[in-house]
Amino acid sequence: MTDTTLPLEGTPLIAPSSTDHPMYEQVADACRSVYDPEIPVNIFELGLIYTIDINAENEVNIKMSLTAPGCPVAGEMPGWVADAVEPLPGVKTVYVELIWEPPWGMDMMSDEARLELGFM
């Protein structure tokens, strides 16, 4: 028997980011510097960064996904994100977790990404 707890109704599928933290924009900009090598848009605008959680000790936890589980850079991209964020002044530690739920979809892209890729 498995003990799986179902999320409560109304619980968001993607945890909210720490947008009110003073370092949030710097961390988001660092994520914007990382590109999927097969798509000419940064991973933040693609919607691959699901959550940026920054605690009071400036420990940064990022949850991200990929466009597909078989992505050729699946093993490398979380490291690229960590390498982009770690050098920021004040960042204590960075942990990047690759998640698959909810699955990424084209509806997660920003308008800028859609425009760049010709979907608008």
# chains A, B, ... in the order shown; residues from 1 in each chain; ligands from 1
>>> select_by_dssp(residues="range 6-118 of chain A", states="alpha helix (DSSP H)", output="PyMOL selection string")
chain A and resi 24-32+43-46+77-85+111-116
>>> residues_around(residues="Val96 in chain A", least_positions_apart="3", cutoff="6 Å", atoms="only C-alpha atoms", output="tab-separated table (two decimals) with N, CA and C atoms, in the first residue's frame")
chain	number	residue	atom	x	y	z
A	61	ASN	N	16.36	28.21	-3.98
A	61	ASN	CA	15.88	26.91	-4.45
A	61	ASN	C	15.07	27.16	-5.72
A	62	ILE	N	15.49	26.53	-6.80
A	62	ILE	CA	14.82	26.71	-8.08
A	62	ILE	C	14.25	25.38	-8.54
A	63	LYS	N	12.99	25.41	-8.94
A	63	LYS	CA	12.36	24.24	-9.54
A	63	LYS	C	12.16	24.57	-11.01
A	78	PRO	N	20.28	22.03	-15.38
A	78	PRO	CA	20.21	22.50	-13.99
A	78	PRO	C	21.55	23.07	-13.50
>>> residues_around(residues="Phe119 in chain A", least_positions_apart="3", cutoff="12 Å", atoms="only C-alpha atoms", output="list of chain:residue names")
A:Met106, A:Asp107, A:Met109, A:Ser110, A:Asp111, A:Glu112, A:Ala113, A:Arg114, A:Leu115, A:Glu116
>>> closest_residue(among="A:Pro22, A:Gly79, A:Pro40, A:Gly47", to="Tyr95 in chain A", atoms="only C-alpha atoms")
A:Gly79
>>> atom_distance(atom1="CA of Ile54 in chain A", atom2="CA of Asp20 in chain A")
9.5 Å
>>> decode(residues="range 106-117 of chain A", atoms="all heavy atoms", output="PDB file, in the first residue's frame")
ATOM      1  N   MET A 106       3.477  24.671 -24.153  1.00  0.00           N
ATOM      2  CA  MET A 106       3.740  25.928 -24.860  1.00  0.00           C
ATOM      3  C   MET A 106       2.978  27.110 -24.254  1.00  0.00           C
ATOM      4  O   MET A 106       3.387  28.255 -24.410  1.00  0.00           O
ATOM      5  CB  MET A 106       3.417  25.773 -26.337  1.00  0.00           C
ATOM      6  CG  MET A 106       4.413  24.861 -27.048  1.00  0.00           C
ATOM      7  SD  MET A 106       4.050  24.561 -28.787  1.00  0.00           S
ATOM      8  CE  MET A 106       3.974  26.181 -29.452  1.00  0.00           C
ATOM      9  N   ASP A 107       1.905  26.832 -23.534  1.00  0.00           N
ATOM     10  CA  ASP A 107       1.145  27.899 -22.892  1.00  0.00           C
ATOM     11  C   ASP A 107       1.913  28.539 -21.733  1.00  0.00           C
ATOM     12  O   ASP A 107       1.517  29.582 -21.230  1.00  0.00           O
ATOM     13  CB  ASP A 107      -0.209  27.365 -22.410  1.00  0.00           C
ATOM     14  CG  ASP A 107      -0.078  26.224 -21.419  1.00  0.00           C
ATOM     15  OD1 ASP A 107       0.833  25.383 -21.587  1.00  0.00           O
ATOM     16  OD2 ASP A 107      -0.903  26.148 -20.494  1.00  0.00           O
ATOM     17  N   MET A 108       3.032  27.946 -21.330  1.00  0.00           N
ATOM     18  CA  MET A 108       3.840  28.486 -20.234  1.00  0.00           C
ATOM     19  C   MET A 108       4.838  29.550 -20.715  1.00  0.00           C
ATOM     20  O   MET A 108       5.446  30.227 -19.909  1.00  0.00           O
ATOM     21  CB  MET A 108       4.579  27.356 -19.515  1.00  0.00           C
ATOM     22  CG  MET A 108       3.656  26.401 -18.821  1.00  0.00           C
ATOM     23  SD  MET A 108       4.566  25.004 -18.140  1.00  0.00           S
ATOM     24  CE  MET A 108       3.425  24.409 -16.940  1.00  0.00           C
ATOM     25  N   MET A 109       4.970  29.674 -22.031  1.00  0.00           N
ATOM     26  CA  MET A 109       5.896  30.667 -22.577  1.00  0.00           C
ATOM     27  C   MET A 109       5.348  32.078 -22.388  1.00  0.00           C
ATOM     28  O   MET A 109       4.134  32.292 -22.437  1.00  0.00           O
ATOM     29  CB  MET A 109       6.119  30.429 -24.075  1.00  0.00           C
ATOM     30  CG  MET A 109       6.896  29.199 -24.402  1.00  0.00           C
ATOM     31  SD  MET A 109       7.383  29.119 -26.146  1.00  0.00           S
ATOM     32  CE  MET A 109       5.824  28.892 -26.957  1.00  0.00           C
ATOM     33  N   SER A 110       6.259  33.025 -22.218  1.00  0.00           N
ATOM     34  CA  SER A 110       5.859  34.426 -22.149  1.00  0.00           C
ATOM     35  C   SER A 110       5.474  34.905 -23.547  1.00  0.00           C
ATOM     36  O   SER A 110       5.788  34.259 -24.556  1.00  0.00           O
ATOM     37  CB  SER A 110       7.020  35.274 -21.617  1.00  0.00           C
ATOM     38  OG  SER A 110       8.057  35.346 -22.587  1.00  0.00           O
ATOM     39  N   ASP A 111       4.816  36.046 -23.611  1.00  0.00           N
ATOM     40  CA  ASP A 111       4.474  36.625 -24.901  1.00  0.00           C
ATOM     41  C   ASP A 111       5.734  36.926 -25.716  1.00  0.00           C
ATOM     42  O   ASP A 111       5.735  36.773 -26.935  1.00  0.00           O
ATOM     43  CB  ASP A 111       3.648  37.904 -24.716  1.00  0.00           C
ATOM     44  CG  ASP A 111       2.236  37.627 -24.245  1.00  0.00           C
ATOM     45  OD1 ASP A 111       1.774  36.462 -24.371  1.00  0.00           O
ATOM     46  OD2 ASP A 111       1.585  38.565 -23.751  1.00  0.00           O
ATOM     47  N   GLU A 112       6.805  37.341 -25.024  1.00  0.00           N
ATOM     48  CA  GLU A 112       8.063  37.629 -25.707  1.00  0.00           C
ATOM     49  C   GLU A 112       8.609  36.375 -26.395  1.00  0.00           C
ATOM     50  O   GLU A 112       9.076  36.429 -27.528  1.00  0.00           O
ATOM     51  CB  GLU A 112       9.105  38.186 -24.729  1.00  0.00           C
ATOM     52  CG  GLU A 112       8.795  39.562 -24.187  1.00  0.00           C
ATOM     53  CD  GLU A 112       7.834  39.564 -23.006  1.00  0.00           C
ATOM     54  OE1 GLU A 112       7.431  38.469 -22.528  1.00  0.00           O
ATOM     55  OE2 GLU A 112       7.451  40.660 -22.575  1.00  0.00           O
ATOM     56  N   ALA A 113       8.536  35.247 -25.705  1.00  0.00           N
ATOM     57  CA  ALA A 113       9.025  33.994 -26.278  1.00  0.00           C
ATOM     58  C   ALA A 113       8.160  33.585 -27.474  1.00  0.00           C
ATOM     59  O   ALA A 113       8.685  33.169 -28.511  1.00  0.00           O
ATOM     60  CB  ALA A 113       9.026  32.890 -25.227  1.00  0.00           C
ATOM     61  N   ARG A 114       6.863  33.729 -27.343  1.00  0.00           N
ATOM     62  CA  ARG A 114       5.960  33.374 -28.447  1.00  0.00           C
ATOM     63  C   ARG A 114       6.219  34.245 -29.675  1.00  0.00           C
ATOM     64  O   ARG A 114       6.216  33.750 -30.798  1.00  0.00           O
ATOM     65  CB  ARG A 114       4.509  33.514 -28.014  1.00  0.00           C
ATOM     66  CG  ARG A 114       4.106  32.461 -27.030  1.00  0.00           C
ATOM     67  CD  ARG A 114       2.708  32.654 -26.578  1.00  0.00           C
ATOM     68  NE  ARG A 114       2.554  31.841 -25.364  1.00  0.00           N
ATOM     69  CZ  ARG A 114       1.458  31.737 -24.703  1.00  0.00           C
ATOM     70  NH1 ARG A 114       0.376  32.371 -25.092  1.00  0.00           N
ATOM     71  NH2 ARG A 114       1.402  31.005 -23.625  1.00  0.00           N
ATOM     72  N   LEU A 115       6.459  35.525 -29.424  1.00  0.00           N
ATOM     73  CA  LEU A 115       6.755  36.435 -30.521  1.00  0.00           C
ATOM     74  C   LEU A 115       8.067  36.069 -31.190  1.00  0.00           C
ATOM     75  O   LEU A 115       8.152  35.981 -32.418  1.00  0.00           O
ATOM     76  CB  LEU A 115       6.808  37.879 -29.993  1.00  0.00           C
ATOM     77  CG  LEU A 115       6.970  38.976 -31.026  1.00  0.00           C
ATOM     78  CD1 LEU A 115       5.789  38.998 -31.988  1.00  0.00           C
ATOM     79  CD2 LEU A 115       7.107  40.314 -30.338  1.00  0.00           C
ATOM     80  N   GLU A 116       9.082  35.805 -30.392  1.00  0.00           N
ATOM     81  CA  GLU A 116      10.405  35.429 -30.919  1.00  0.00           C
ATOM     82  C   GLU A 116      10.340  34.149 -31.748  1.00  0.00           C
ATOM     83  O   GLU A 116      11.027  34.013 -32.759  1.00  0.00           O
ATOM     84  CB  GLU A 116      11.391  35.245 -29.757  1.00  0.00           C
ATOM     85  CG  GLU A 116      12.787  34.861 -30.164  1.00  0.00           C
ATOM     86  CD  GLU A 116      13.567  35.974 -30.844  1.00  0.00           C
ATOM     87  OE1 GLU A 116      13.267  37.158 -30.575  1.00  0.00           O
ATOM     88  OE2 GLU A 116      14.472  35.662 -31.638  1.00  0.00           O
ATOM     89  N   LEU A 117       9.504  33.213 -31.339  1.00  0.00           N
ATOM     90  CA  LEU A 117       9.416  31.929 -32.038  1.00  0.00           C
ATOM     91  C   LEU A 117       8.349  31.929 -33.145  1.00  0.00           C
ATOM     92  O   LEU A 117       8.137  30.912 -33.791  1.00  0.00           O
ATOM     93  CB  LEU A 117       9.122  30.808 -31.027  1.00  0.00           C
ATOM     94  CG  LEU A 117      10.250  30.557 -30.017  1.00  0.00           C
ATOM     95  CD1 LEU A 117       9.804  29.571 -28.959  1.00  0.00           C
ATOM     96  CD2 LEU A 117      11.514  30.085 -30.716  1.00  0.00           C
TER      97      LEU A 117
END
